[in-house]
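To be precise, the following lines are coords-v5.txt, and they hold compact mmCIF, C-alpha atoms.
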```
# COMPACT_ATOMS: atom_id res chain seq x y z
CA MET F 146 -50.56 30.43 -12.95
CA ALA F 147 -53.61 28.60 -11.70
CA PRO F 148 -54.81 29.64 -8.26
CA PRO F 149 -54.32 27.13 -5.42
CA ARG F 150 -57.28 24.81 -5.04
CA ILE F 151 -58.97 24.09 -1.75
CA GLU F 152 -59.93 20.44 -1.47
CA PRO F 153 -62.26 19.41 1.34
CA LEU F 154 -60.83 15.90 1.59
CA HIS F 155 -57.57 15.10 -0.09
CA GLU F 156 -56.40 11.49 -0.56
CA VAL F 157 -53.81 12.12 2.18
CA HIS F 158 -56.59 12.68 4.70
CA THR F 159 -58.32 9.46 3.73
CA ARG F 160 -55.05 7.64 4.20
CA ARG F 161 -54.36 9.31 7.54
CA LYS F 162 -57.84 8.44 8.71
CA GLY F 163 -57.27 4.81 7.79
CA ARG F 164 -53.97 4.84 9.67
CA ASN F 165 -55.55 6.40 12.75
CA MET F 166 -58.36 3.85 12.72
CA GLY F 167 -55.77 1.07 12.43
CA VAL F 168 -53.87 2.41 15.46
CA LEU F 169 -57.16 2.69 17.36
CA ALA F 170 -58.04 -0.93 16.54
CA ALA F 171 -54.55 -2.07 17.63
CA LEU F 172 -54.81 -0.19 20.94
CA LEU F 173 -58.31 -1.51 21.64
CA GLY F 174 -57.08 -5.02 20.80
CA MET F 175 -54.20 -4.59 23.27
CA ILE F 176 -56.65 -3.51 26.00
CA VAL F 177 -58.80 -6.59 25.37
CA VAL F 178 -55.74 -8.87 25.45
CA VAL F 179 -54.37 -7.40 28.70
CA PHE F 180 -57.83 -7.54 30.31
CA ALA F 181 -58.36 -11.17 29.26
CA LEU F 182 -54.85 -12.07 30.46
CA THR F 183 -55.52 -10.45 33.85
CA VAL F 184 -58.87 -12.19 34.31
CA VAL F 185 -57.46 -15.63 33.45
CA LYS F 186 -54.34 -15.15 35.58
CA VAL F 187 -56.37 -14.07 38.62
CA ARG F 188 -58.85 -16.93 38.21
CA THR F 189 -56.30 -19.67 37.64
CA GLY F 190 -53.30 -18.42 39.59
CA GLY F 191 -54.89 -18.81 43.03
CA PHE F 192 -54.71 -16.27 45.81
CA SER F 193 -51.16 -15.17 46.47
CA GLU F 194 -49.88 -13.00 49.25
CA ALA F 195 -46.34 -11.75 49.54
CA PHE F 196 -44.66 -11.29 52.90
CA ASP F 197 -45.40 -7.73 54.00
CA HIS F 198 -43.50 -7.72 57.36
CA VAL F 199 -46.75 -7.93 59.34
CA VAL F 200 -47.97 -11.13 60.92
CA ARG F 201 -51.35 -12.08 59.53
CA PRO F 202 -53.57 -14.97 60.68
CA GLN F 203 -52.63 -17.16 57.73
CA LEU F 204 -48.94 -17.02 58.66
CA ALA F 205 -49.69 -17.80 62.32
CA ILE F 206 -51.73 -20.88 61.33
CA GLU F 207 -48.95 -22.11 59.04
CA ALA F 208 -46.40 -21.63 61.85
CA ASP F 209 -48.57 -23.61 64.32
CA GLU F 210 -48.99 -26.45 61.82
CA GLY F 211 -45.25 -26.48 61.37
CA THR F 212 -44.46 -26.85 65.09
CA ASP F 213 -47.20 -29.44 65.62
CA GLY F 214 -45.82 -31.68 63.29
CA MET T 194 -64.69 20.33 12.20
CA THR T 195 -63.70 20.75 8.57
CA ASP T 196 -60.49 19.11 7.50
CA ALA T 197 -59.74 21.24 4.44
CA SER T 198 -56.35 21.54 2.83
CA LEU T 199 -54.62 23.96 0.54
CA HIS T 200 -53.28 21.73 -2.15
CA ILE T 201 -51.00 23.07 -4.83
CA ALA T 202 -50.50 21.28 -8.17
CA PRO T 203 -49.84 18.56 -9.22
CA ALA T 204 -53.54 18.26 -8.48
CA GLY T 205 -54.74 14.98 -7.06
CA ALA T 206 -51.33 13.33 -7.07
CA ALA T 207 -51.18 10.38 -4.69
CA SER T 208 -49.08 11.03 -1.60
CA ASP T 209 -46.32 8.62 -0.59
CA GLU T 210 -47.35 8.94 3.06
CA ALA T 211 -47.66 5.54 4.70
CA ALA T 212 -51.05 3.92 5.13
CA PHE T 213 -51.73 1.49 8.00
CA GLY T 214 -51.36 -1.40 5.56
CA ASP T 215 -47.76 -0.37 4.88
CA TYR T 216 -46.89 -0.88 8.55
CA VAL T 217 -48.69 -4.24 8.47
CA ALA T 218 -46.66 -5.17 5.37
CA LEU T 219 -43.46 -4.48 7.37
CA LEU T 220 -44.41 -7.41 9.61
CA LYS T 221 -44.47 -9.94 6.72
CA PRO T 222 -48.01 -11.25 7.39
CA ARG T 223 -47.48 -14.53 5.47
CA LEU T 224 -44.47 -15.35 7.64
CA MET T 225 -46.55 -14.50 10.71
CA SER T 226 -49.35 -16.86 9.66
CA LEU T 227 -46.87 -19.74 9.30
CA CYS T 228 -45.49 -18.93 12.77
CA VAL T 229 -49.02 -18.93 14.24
CA PHE T 230 -49.65 -22.36 12.73
CA THR T 231 -46.38 -24.03 13.76
CA ALA T 232 -46.31 -22.44 17.23
CA ALA T 233 -49.90 -23.56 17.86
CA VAL T 234 -48.98 -27.12 16.83
CA GLY T 235 -45.94 -27.06 19.14
CA LEU T 236 -48.19 -25.89 21.96
CA VAL T 237 -50.86 -28.59 21.54
CA ALA T 238 -48.33 -31.37 20.87
CA ALA T 239 -46.50 -30.66 24.15
CA PRO T 240 -47.43 -32.77 27.19
CA GLY T 241 -48.39 -29.84 29.43
CA SER T 242 -51.77 -28.14 29.47
CA VAL T 243 -52.41 -24.44 29.05
CA HIS T 244 -55.57 -22.40 29.58
CA PRO T 245 -57.01 -21.82 26.07
CA VAL T 246 -57.05 -18.04 26.48
CA LEU T 247 -53.43 -17.97 27.67
CA GLY T 248 -52.46 -20.29 24.81
CA ALA T 249 -54.14 -18.04 22.24
CA ILE T 250 -52.51 -14.93 23.72
CA ALA T 251 -49.11 -16.66 23.75
CA VAL T 252 -49.43 -17.63 20.07
CA LEU T 253 -50.52 -14.07 19.26
CA PHE T 254 -47.36 -12.65 20.81
CA ILE T 255 -45.13 -15.28 19.18
CA ALA T 256 -46.61 -14.13 15.85
CA LEU T 257 -46.07 -10.48 16.80
CA GLY T 258 -42.43 -11.28 17.65
CA ALA T 259 -42.06 -12.92 14.22
CA GLY T 260 -43.56 -9.78 12.67
CA ALA T 261 -41.11 -7.61 14.61
CA SER T 262 -38.19 -9.61 13.25
CA GLY T 263 -39.66 -9.12 9.75
CA ALA T 264 -39.66 -5.34 10.25
CA LEU T 265 -36.05 -5.44 11.50
CA ASN T 266 -35.13 -7.57 8.46
CA MET T 267 -36.61 -4.93 6.15
CA TRP T 268 -34.71 -2.24 8.04
CA VAL T 269 -31.44 -4.13 7.51
CA ASP T 270 -32.18 -5.06 3.87
CA HIS T 271 -33.39 -1.63 2.72
CA ASP T 272 -30.47 -1.32 0.27
CA ILE T 273 -30.73 -4.73 -1.40
CA ASP T 274 -34.55 -4.90 -1.38
CA GLY T 275 -34.65 -2.04 -3.87
CA MET T 276 -32.39 -3.95 -6.29
CA MET T 277 -34.60 -7.03 -6.57
CA LYS T 278 -37.87 -7.22 -8.46
CA ARG T 279 -39.58 -9.39 -5.81
CA THR T 280 -38.83 -6.99 -2.95
CA ALA T 281 -38.72 -3.59 -4.68
CA LYS T 282 -42.33 -2.85 -3.75
CA ARG T 283 -41.77 -3.34 -0.02
CA PRO T 284 -42.65 -0.26 2.07
CA ILE T 285 -39.05 1.02 2.59
CA PRO T 286 -37.65 0.74 -0.97
CA ALA T 287 -40.98 2.02 -2.32
CA GLY T 288 -40.51 5.12 -0.14
CA ARG T 289 -43.74 4.77 1.85
CA VAL T 290 -42.12 4.01 5.23
CA THR T 291 -38.82 5.47 6.43
CA ARG T 292 -36.01 3.29 7.74
CA ASP T 293 -36.27 4.93 11.15
CA ASP T 294 -39.98 4.11 11.35
CA ALA T 295 -39.30 0.47 10.44
CA LEU T 296 -36.61 0.26 13.13
CA ALA T 297 -38.95 1.81 15.71
CA VAL T 298 -41.75 -0.62 14.80
CA GLY T 299 -39.34 -3.58 14.88
CA LEU T 300 -37.74 -2.74 18.22
CA GLY T 301 -41.01 -1.65 19.82
CA LEU T 302 -42.88 -4.80 18.85
CA SER T 303 -39.88 -6.98 19.79
CA GLY T 304 -39.90 -5.61 23.33
CA LEU T 305 -43.68 -5.76 23.61
CA SER T 306 -43.98 -9.34 22.32
CA VAL T 307 -41.18 -10.72 24.52
CA VAL T 308 -42.44 -9.05 27.71
CA MET T 309 -46.08 -9.99 27.04
CA LEU T 310 -45.14 -13.60 26.25
CA GLY T 311 -43.17 -13.74 29.51
CA LEU T 312 -46.18 -12.43 31.45
CA ALA T 313 -48.74 -14.59 29.64
CA ALA T 314 -46.74 -17.84 29.62
CA ASN T 315 -43.25 -18.09 31.10
CA TRP T 316 -39.80 -16.55 30.74
CA ALA T 317 -38.28 -19.61 29.06
CA ALA T 318 -40.65 -19.12 26.12
CA ALA T 319 -40.01 -15.36 26.18
CA GLY T 320 -36.25 -15.95 26.14
CA LEU T 321 -36.59 -18.27 23.13
CA LEU T 322 -38.67 -15.65 21.31
CA ALA T 323 -36.05 -12.98 22.04
CA PHE T 324 -33.34 -15.33 20.71
CA THR T 325 -35.39 -16.02 17.57
CA ILE T 326 -35.76 -12.29 16.85
CA PHE T 327 -32.04 -11.73 17.48
CA PHE T 328 -31.09 -14.67 15.26
CA TYR T 329 -33.25 -13.55 12.34
CA ALA T 330 -32.41 -9.84 12.52
CA VAL T 331 -28.72 -10.00 13.43
CA ILE T 332 -27.24 -13.43 12.66
CA TYR T 333 -29.24 -14.05 9.45
CA SER T 334 -30.11 -10.61 8.03
CA MET T 335 -26.97 -8.67 8.97
CA TRP T 336 -24.39 -11.42 8.65
CA LEU T 337 -25.17 -14.77 7.00
CA LYS T 338 -27.41 -13.53 4.19
CA ARG T 339 -24.67 -11.40 2.63
CA THR T 340 -21.66 -13.58 3.32
CA THR T 341 -22.38 -17.26 2.67
CA GLU T 342 -24.45 -19.42 0.33
CA TRP T 343 -25.39 -21.48 3.40
CA ASN T 344 -27.58 -18.55 4.53
CA THR T 345 -30.66 -20.59 3.61
CA VAL T 346 -29.63 -23.52 5.79
CA ILE T 347 -28.36 -21.77 8.93
CA GLY T 348 -30.82 -18.88 8.71
CA GLY T 349 -33.62 -21.42 8.62
CA ALA T 350 -33.13 -21.91 12.36
CA ALA T 351 -35.15 -18.75 13.01
CA GLY T 352 -38.10 -20.09 11.02
CA ALA T 353 -37.87 -23.44 12.79
CA LEU T 354 -38.05 -22.08 16.35
CA PRO T 355 -41.77 -21.10 16.68
CA PRO T 356 -42.97 -24.69 17.44
CA VAL T 357 -40.26 -24.92 20.11
CA ILE T 358 -41.51 -21.67 21.64
CA GLY T 359 -45.06 -23.09 21.56
CA TRP T 360 -43.73 -26.20 23.32
CA ALA T 361 -42.02 -24.04 25.96
CA VAL T 362 -45.30 -22.14 26.53
CA ALA T 363 -46.97 -25.43 27.52
CA THR T 364 -44.14 -27.06 29.48
CA GLY T 365 -41.91 -24.22 30.68
CA GLY T 366 -38.91 -25.69 28.85
CA VAL T 367 -37.80 -27.74 25.88
CA SER T 368 -37.27 -31.45 25.35
CA TRP T 369 -35.89 -33.72 22.63
CA GLU T 370 -39.36 -34.00 21.05
CA ALA T 371 -39.40 -30.20 20.71
CA ALA T 372 -35.92 -30.43 19.18
CA LEU T 373 -37.34 -32.88 16.60
CA LEU T 374 -40.10 -30.38 15.69
CA PHE T 375 -37.34 -27.80 15.23
CA GLY T 376 -35.33 -30.29 13.17
CA LEU T 377 -38.29 -31.09 10.94
CA LEU T 378 -38.76 -27.45 9.89
CA PHE T 379 -35.01 -26.78 9.80
CA ALA T 380 -34.29 -29.73 7.47
CA TRP T 381 -37.36 -29.08 5.30
CA GLN T 382 -36.43 -25.47 4.42
CA PRO T 383 -33.31 -26.03 2.22
CA THR T 384 -35.10 -28.51 -0.08
CA HIS T 385 -38.16 -26.25 -0.24
CA PHE T 386 -36.11 -23.16 -1.05
CA TRP T 387 -33.69 -24.77 -3.51
CA ALA T 388 -36.53 -26.41 -5.45
CA LEU T 389 -37.85 -22.87 -5.94
CA ALA T 390 -34.41 -21.44 -6.73
CA LEU T 391 -33.97 -24.05 -9.49
CA PHE T 392 -36.97 -22.85 -11.51
CA VAL T 393 -37.39 -19.17 -10.64
CA LYS T 394 -34.98 -16.66 -12.10
CA THR T 395 -33.95 -14.54 -9.13
CA ASP T 396 -31.84 -11.42 -9.02
CA TYR T 397 -30.19 -12.27 -5.69
CA HIS T 398 -26.81 -12.38 -7.38
CA ALA T 399 -27.25 -8.88 -8.80
CA ALA T 400 -27.93 -7.68 -5.25
CA GLY T 401 -24.73 -9.35 -4.05
CA ILE T 402 -26.43 -12.14 -2.11
CA PRO T 403 -24.58 -15.46 -2.50
CA MET T 404 -26.94 -18.27 -3.53
CA LEU T 405 -26.01 -21.93 -3.87
CA THR T 406 -27.31 -22.14 -7.47
CA VAL T 407 -24.75 -19.50 -8.49
CA THR T 408 -21.78 -20.11 -6.18
CA LYS T 409 -21.73 -23.95 -6.30
CA GLY T 410 -23.81 -24.56 -9.41
CA ARG T 411 -27.20 -26.07 -10.16
CA ASN T 412 -26.04 -29.71 -9.97
CA GLU T 413 -24.69 -29.22 -6.46
CA THR T 414 -28.00 -27.53 -5.54
CA ARG T 415 -29.89 -30.62 -6.78
CA ARG T 416 -27.62 -32.87 -4.70
CA GLN T 417 -28.06 -30.72 -1.59
CA ALA T 418 -31.85 -30.65 -2.04
CA MET T 419 -31.84 -34.48 -2.10
CA ALA T 420 -29.53 -34.72 0.93
CA TRP T 421 -31.73 -32.41 3.03
CA ALA T 422 -34.85 -34.28 1.90
CA VAL T 423 -33.33 -37.46 3.39
CA VAL T 424 -32.54 -35.63 6.65
CA THR T 425 -36.14 -34.34 6.74
CA VAL T 426 -37.48 -37.88 6.40
CA ALA T 427 -35.26 -39.15 9.23
CA VAL T 428 -36.41 -36.37 11.58
CA SER T 429 -40.05 -36.78 10.55
CA MET T 430 -40.06 -40.51 11.29
CA ALA T 431 -38.20 -40.00 14.57
CA PHE T 432 -40.88 -37.55 15.69
CA ALA T 433 -43.73 -39.84 14.57
CA LEU T 434 -42.23 -42.65 16.68
CA SER T 435 -41.57 -40.41 19.70
CA PRO T 436 -44.01 -40.15 22.63
CA ALA T 437 -45.31 -36.89 21.11
CA GLY T 438 -46.16 -38.66 17.83
CA GLY T 439 -48.57 -41.53 17.28
CA PRO T 440 -49.96 -44.01 14.75
CA LEU T 441 -51.89 -41.36 12.78
CA THR T 442 -48.80 -39.15 12.49
CA LEU T 443 -46.71 -42.17 11.50
CA ALA T 444 -49.16 -43.24 8.78
CA VAL T 445 -49.54 -39.76 7.26
CA ALA T 446 -45.80 -39.01 7.58
CA THR T 447 -44.95 -42.25 5.76
CA VAL T 448 -47.04 -41.24 2.75
CA LEU T 449 -45.76 -37.65 2.80
CA ASN T 450 -42.15 -38.82 3.06
CA ALA T 451 -42.49 -41.39 0.26
CA VAL T 452 -43.70 -38.76 -2.23
CA TRP T 453 -41.20 -36.20 -0.89
CA LEU T 454 -38.25 -38.56 -1.43
CA GLN T 455 -39.48 -39.63 -4.87
CA ARG T 456 -39.79 -36.03 -6.08
CA ALA T 457 -36.44 -35.01 -4.59
CA TRP T 458 -34.85 -38.04 -6.27
CA ILE T 459 -36.26 -37.01 -9.69
CA VAL T 460 -34.90 -33.48 -9.23
CA TRP T 461 -31.49 -34.85 -8.25
CA ARG T 462 -31.27 -37.20 -11.26
CA CYS T 463 -32.54 -34.55 -13.68
CA ASP T 464 -30.07 -32.61 -15.82
CA ASP T 465 -30.41 -28.95 -16.58
CA ALA T 466 -31.05 -29.27 -20.33
CA ALA T 467 -33.91 -31.74 -19.86
CA SER T 468 -35.30 -29.67 -17.00
CA HIS T 469 -35.28 -26.54 -19.13
CA GLU T 470 -37.05 -28.35 -21.98
CA ASP T 471 -40.00 -29.50 -19.89
CA GLY T 472 -40.37 -26.15 -18.11
CA HIS T 473 -38.76 -27.32 -14.83
CA ALA T 474 -41.67 -29.68 -14.18
CA ALA T 475 -39.76 -31.80 -11.61
CA GLU T 476 -38.60 -28.79 -9.59
CA LYS T 477 -42.09 -27.28 -9.61
CA ALA T 478 -43.59 -30.60 -8.48
CA LEU T 479 -41.09 -30.83 -5.59
CA PHE T 480 -41.76 -27.23 -4.55
CA LYS T 481 -45.55 -27.75 -4.55
CA TRP T 482 -45.19 -30.96 -2.55
CA SER T 483 -42.94 -29.16 -0.04
CA LEU T 484 -45.85 -26.84 0.77
CA VAL T 485 -48.30 -29.73 1.11
CA TYR T 486 -45.70 -31.62 3.16
CA VAL T 487 -45.18 -29.01 5.87
CA LEU T 488 -48.85 -28.03 6.16
CA VAL T 489 -50.20 -31.60 6.34
CA HIS T 490 -47.37 -32.86 8.55
CA PHE T 491 -47.87 -30.17 11.18
CA ALA T 492 -51.65 -30.40 10.91
CA VAL T 493 -51.61 -34.14 11.60
CA ILE T 494 -49.27 -33.66 14.59
CA GLY T 495 -51.76 -31.14 16.01
CA VAL T 496 -54.80 -33.31 15.26
CA GLU T 497 -53.19 -36.40 16.82
CA ALA T 498 -52.43 -34.42 19.98
CA LEU T 499 -56.03 -33.22 20.23
CA LEU T 500 -57.67 -36.61 19.59
CA PRO T 501 -58.68 -38.41 22.81
CA MET T 502 -57.34 -41.70 21.46
CA GLY T 503 -54.34 -40.08 19.71
CA GLY T 504 -50.70 -40.84 20.53
CA TRP T 505 -48.91 -44.06 21.41
```
Using structure tokens, write down the structure from this file.
Amino acid sequence: MAPPRIEPLHEVHTRRKGRNMGVLAALLGMIVVVFALTVVKVRTGGFSEAFDHVVRPQLAIEADEGTDG
Amino acid sequence: MTDASLHIAPAGAASDEAAFGDYVALLKPRLMSLCVFTAAVGLVAAPGSVHPVLGAIAVLFIALGAGASGALNMWVDHDIDGMMKRTAKRPIPAGRVTRDDALAVGLGLSGLSVVMLGLAANWAAAGLLAFTIFFYAVIYSMWLKRTTEWNTVIGGAAGALPPVIGWAVATGGVSWEAALLFGLLFAWQPTHFWALALFVKTDYHAAGIPMLTVTKGRNETRRQAMAWAVVTVAVSMAFALSPAGGPLTLAVATVLNAVWLQRAWIVWRCDDAASHEDGHAAEKALFKWSLVYVLVHFAVIGVEALLPMGGW
């Protein structure tokens, strides 16, 4: 029986490397997409503040404008 | 670090472990490219305006959703894919990707694409994408495909929805013009597919999939192809005359429709013996024109929408 051979780089490893690089590219692509989405949303969506149960100057001004008229 | 392995004979035999390309193949890239094209046309033809980056991201996730439905389709069809020559080399029947992996990829990408489309565009578009995935994976793949010869017609709804999703991305909803875009792709598919079925020997029947050419006969298939070609023309002209169309779309659609009807007519009037003798020339001509038809028709709709002087 022939002794087991030690191969430094089997075809399986080449394939796994390709798969890992593909997953890396997909993850990096996802990061770029989410970053771009965030930048565009923040720039085009305007400044938005939710009600946080604390009176802030903006709310007071809006209330005054409402009673005036 | 050395990545050495102890490898016992058979020496050098190729492993059946999946490569990255096998997972990409699960997503049916050609189907995805058609979805990118039609969704992008739906988006630019719609009256609303979208930031270009958001539009591109939305189309990307519509395509990813289409890919997810492709993976789920392969998960469902793993048994019949192995029986047909055309599909036997797909990753699951070829043994390179397991069924569980295909299901995980399909469900994972479905969830990701729907949520990301909702965040990037709006939840109406995301809901339509979720419905499209459900329709293709459950209604078409699990049910219609194996039970009725009308699978091609009804199942075509999934392939016709991407331009409507693109429209919803731009407007936040759908309108009758978007329904016409849906109708154009929906009505085009039966003629396109049956022209192919009339000249390509398929083994669908061996896999237990009912096809019109077998269950109702080739003459009925010719008649149906003609009937759906007429419906396609009606929808095409209605869209060209709608506010979303324009003179350029009308002019190009008129030429496309004239050739389309003429070729469908020849296929309808042709008998099987004559068709066999000339190598199915009429059916091949109709099939080739169906590809030109859908690509040019959607391209001109997109171009007309982008032109400053385009539209009515």
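In this comparison, which uses only C-alpha atoms, the residue of T:Thr414, T:Thr395, T:Ser334, T:Ser435 approaching Ala264 of chain T most closely is T:Ser334.
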Coordinates-based distance that separates atom CA of Val177 of chain F from atom CA of Asn165 of chain F (Å, one decimal):
18.4 Å
Tell me, as a ChimeraX atom specification, which residues lie within 7 Å of Ala317 of chain T, counting all atoms listed in the file; anything in the same chain fewer than 3 positions away does not count.
/T:320-321,361,365-366
Could you list, as a ChimeraX atom specification, every residue of chain F that has an atom within 8 Å of an atom of chain T, counting only C-alpha atoms?
/F:149-157,160-161,163-165,167-168,178,181-182,185
Surrounding residues of Val243 of chain T excluding itself and chain neighbours under 5 positions, 9 Å, all atoms listed in the file, as a compact mmCIF listing (two decimals) with C-alpha atoms, keeping the file's coordinate frame:
```txt
# COMPACT_ATOMS: atom_id res chain seq x y z
CA LEU T 236 -48.19 -25.89 21.96
CA VAL T 237 -50.86 -28.59 21.54
CA GLY T 248 -52.46 -20.29 24.81
CA ALA T 314 -46.74 -17.84 29.62
CA VAL T 362 -45.30 -22.14 26.53
CA ALA T 363 -46.97 -25.43 27.52
CA THR T 364 -44.14 -27.06 29.48
```
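Separating atom CA of Ile273 of chain T from atom CA of Ala400 of chain T is a distance of 5.6 Å.
With distances restricted to all atoms listed in the file, T:Val393 is the closest residue to Gly472 of chain T from T:Arg416, T:Val393, T:Ile494, T:Trp421.
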Residue contacts of Val252 of chain T (8 Å, all atoms listed in the file) excluding same-chain residues fewer than 5 positions away, as a PDB file with C-alpha atoms, in the coordinates of the input:
```
ATOM      1  CA  VAL T 229     -49.020 -18.930  14.240  1.00  0.00           C
ATOM      2  CA  ALA T 232     -46.310 -22.440  17.230  1.00  0.00           C
ATOM      3  CA  ALA T 233     -49.900 -23.560  17.860  1.00  0.00           C
ATOM      4  CA  GLY T 359     -45.060 -23.090  21.560  1.00  0.00           C
TER       5      GLY T 359
END
```
Using the partial input, fill out segment 256-273 of chain T with N, CA and C atoms; write the result as a PDB file, keeping the file's coordinate frame.
```
ATOM      1  N   ALA T 256     -46.435 -14.646  17.215  1.00  0.00           N
ATOM      2  CA  ALA T 256     -46.610 -14.130  15.850  1.00  0.00           C
ATOM      3  C   ALA T 256     -46.159 -12.670  15.762  1.00  0.00           C
ATOM      4  N   LEU T 257     -46.464 -11.896  16.803  1.00  0.00           N
ATOM      5  CA  LEU T 257     -46.070 -10.480  16.800  1.00  0.00           C
ATOM      6  C   LEU T 257     -44.531 -10.365  16.847  1.00  0.00           C
ATOM      7  N   GLY T 258     -43.896 -11.251  17.606  1.00  0.00           N
ATOM      8  CA  GLY T 258     -42.430 -11.280  17.650  1.00  0.00           C
ATOM      9  C   GLY T 258     -41.856 -11.610  16.277  1.00  0.00           C
ATOM     10  N   ALA T 259     -42.503 -12.567  15.582  1.00  0.00           N
ATOM     11  CA  ALA T 259     -42.060 -12.920  14.220  1.00  0.00           C
ATOM     12  C   ALA T 259     -42.217 -11.708  13.308  1.00  0.00           C
ATOM     13  N   GLY T 260     -43.324 -10.987  13.473  1.00  0.00           N
ATOM     14  CA  GLY T 260     -43.560  -9.780  12.670  1.00  0.00           C
ATOM     15  C   GLY T 260     -42.508  -8.717  12.956  1.00  0.00           C
ATOM     16  N   ALA T 261     -42.138  -8.587  14.229  1.00  0.00           N
ATOM     17  CA  ALA T 261     -41.110  -7.610  14.610  1.00  0.00           C
ATOM     18  C   ALA T 261     -39.783  -7.937  13.936  1.00  0.00           C
ATOM     19  N   SER T 262     -39.460  -9.235  13.892  1.00  0.00           N
ATOM     20  CA  SER T 262     -38.190  -9.610  13.250  1.00  0.00           C
ATOM     21  C   SER T 262     -38.263  -9.339  11.747  1.00  0.00           C
ATOM     22  N   GLY T 263     -39.469  -9.461  11.161  1.00  0.00           N
ATOM     23  CA  GLY T 263     -39.660  -9.120   9.750  1.00  0.00           C
ATOM     24  C   GLY T 263     -39.398  -7.641   9.488  1.00  0.00           C
ATOM     25  N   ALA T 264     -39.879  -6.786  10.395  1.00  0.00           N
ATOM     26  CA  ALA T 264     -39.660  -5.340  10.250  1.00  0.00           C
ATOM     27  C   ALA T 264     -38.170  -5.011  10.378  1.00  0.00           C
ATOM     28  N   LEU T 265     -37.493  -5.684  11.326  1.00  0.00           N
ATOM     29  CA  LEU T 265     -36.050  -5.440  11.500  1.00  0.00           C
ATOM     30  C   LEU T 265     -35.276  -5.940  10.275  1.00  0.00           C
ATOM     31  N   ASN T 266     -35.746  -7.056   9.685  1.00  0.00           N
ATOM     32  CA  ASN T 266     -35.130  -7.570   8.460  1.00  0.00           C
ATOM     33  C   ASN T 266     -35.259  -6.561   7.320  1.00  0.00           C
ATOM     34  N   MET T 267     -36.431  -5.932   7.211  1.00  0.00           N
ATOM     35  CA  MET T 267     -36.610  -4.930   6.150  1.00  0.00           C
ATOM     36  C   MET T 267     -35.757  -3.692   6.406  1.00  0.00           C
ATOM     37  N   TRP T 268     -35.561  -3.376   7.689  1.00  0.00           N
ATOM     38  CA  TRP T 268     -34.710  -2.240   8.040  1.00  0.00           C
ATOM     39  C   TRP T 268     -33.257  -2.532   7.614  1.00  0.00           C
ATOM     40  N   VAL T 269     -32.810  -3.757   7.874  1.00  0.00           N
ATOM     41  CA  VAL T 269     -31.440  -4.130   7.510  1.00  0.00           C
ATOM     42  C   VAL T 269     -31.283  -4.182   5.982  1.00  0.00           C
ATOM     43  N   ASP T 270     -32.284  -4.773   5.309  1.00  0.00           N
ATOM     44  CA  ASP T 270     -32.180  -5.060   3.870  1.00  0.00           C
ATOM     45  C   ASP T 270     -32.656  -3.918   2.977  1.00  0.00           C
ATOM     46  N   HIS T 271     -32.806  -2.724   3.507  1.00  0.00           N
ATOM     47  CA  HIS T 271     -33.390  -1.630   2.720  1.00  0.00           C
ATOM     48  C   HIS T 271     -32.617  -1.376   1.427  1.00  0.00           C
ATOM     49  N   ASP T 272     -31.285  -1.602   1.458  1.00  0.00           N
ATOM     50  CA  ASP T 272     -30.470  -1.320   0.270  1.00  0.00           C
ATOM     51  C   ASP T 272     -30.641  -2.389  -0.808  1.00  0.00           C
ATOM     52  N   ILE T 273     -30.647  -3.666  -0.396  1.00  0.00           N
ATOM     53  CA  ILE T 273     -30.730  -4.730  -1.400  1.00  0.00           C
ATOM     54  C   ILE T 273     -32.168  -4.998  -1.849  1.00  0.00           C
TER      55      ILE T 273
END
```
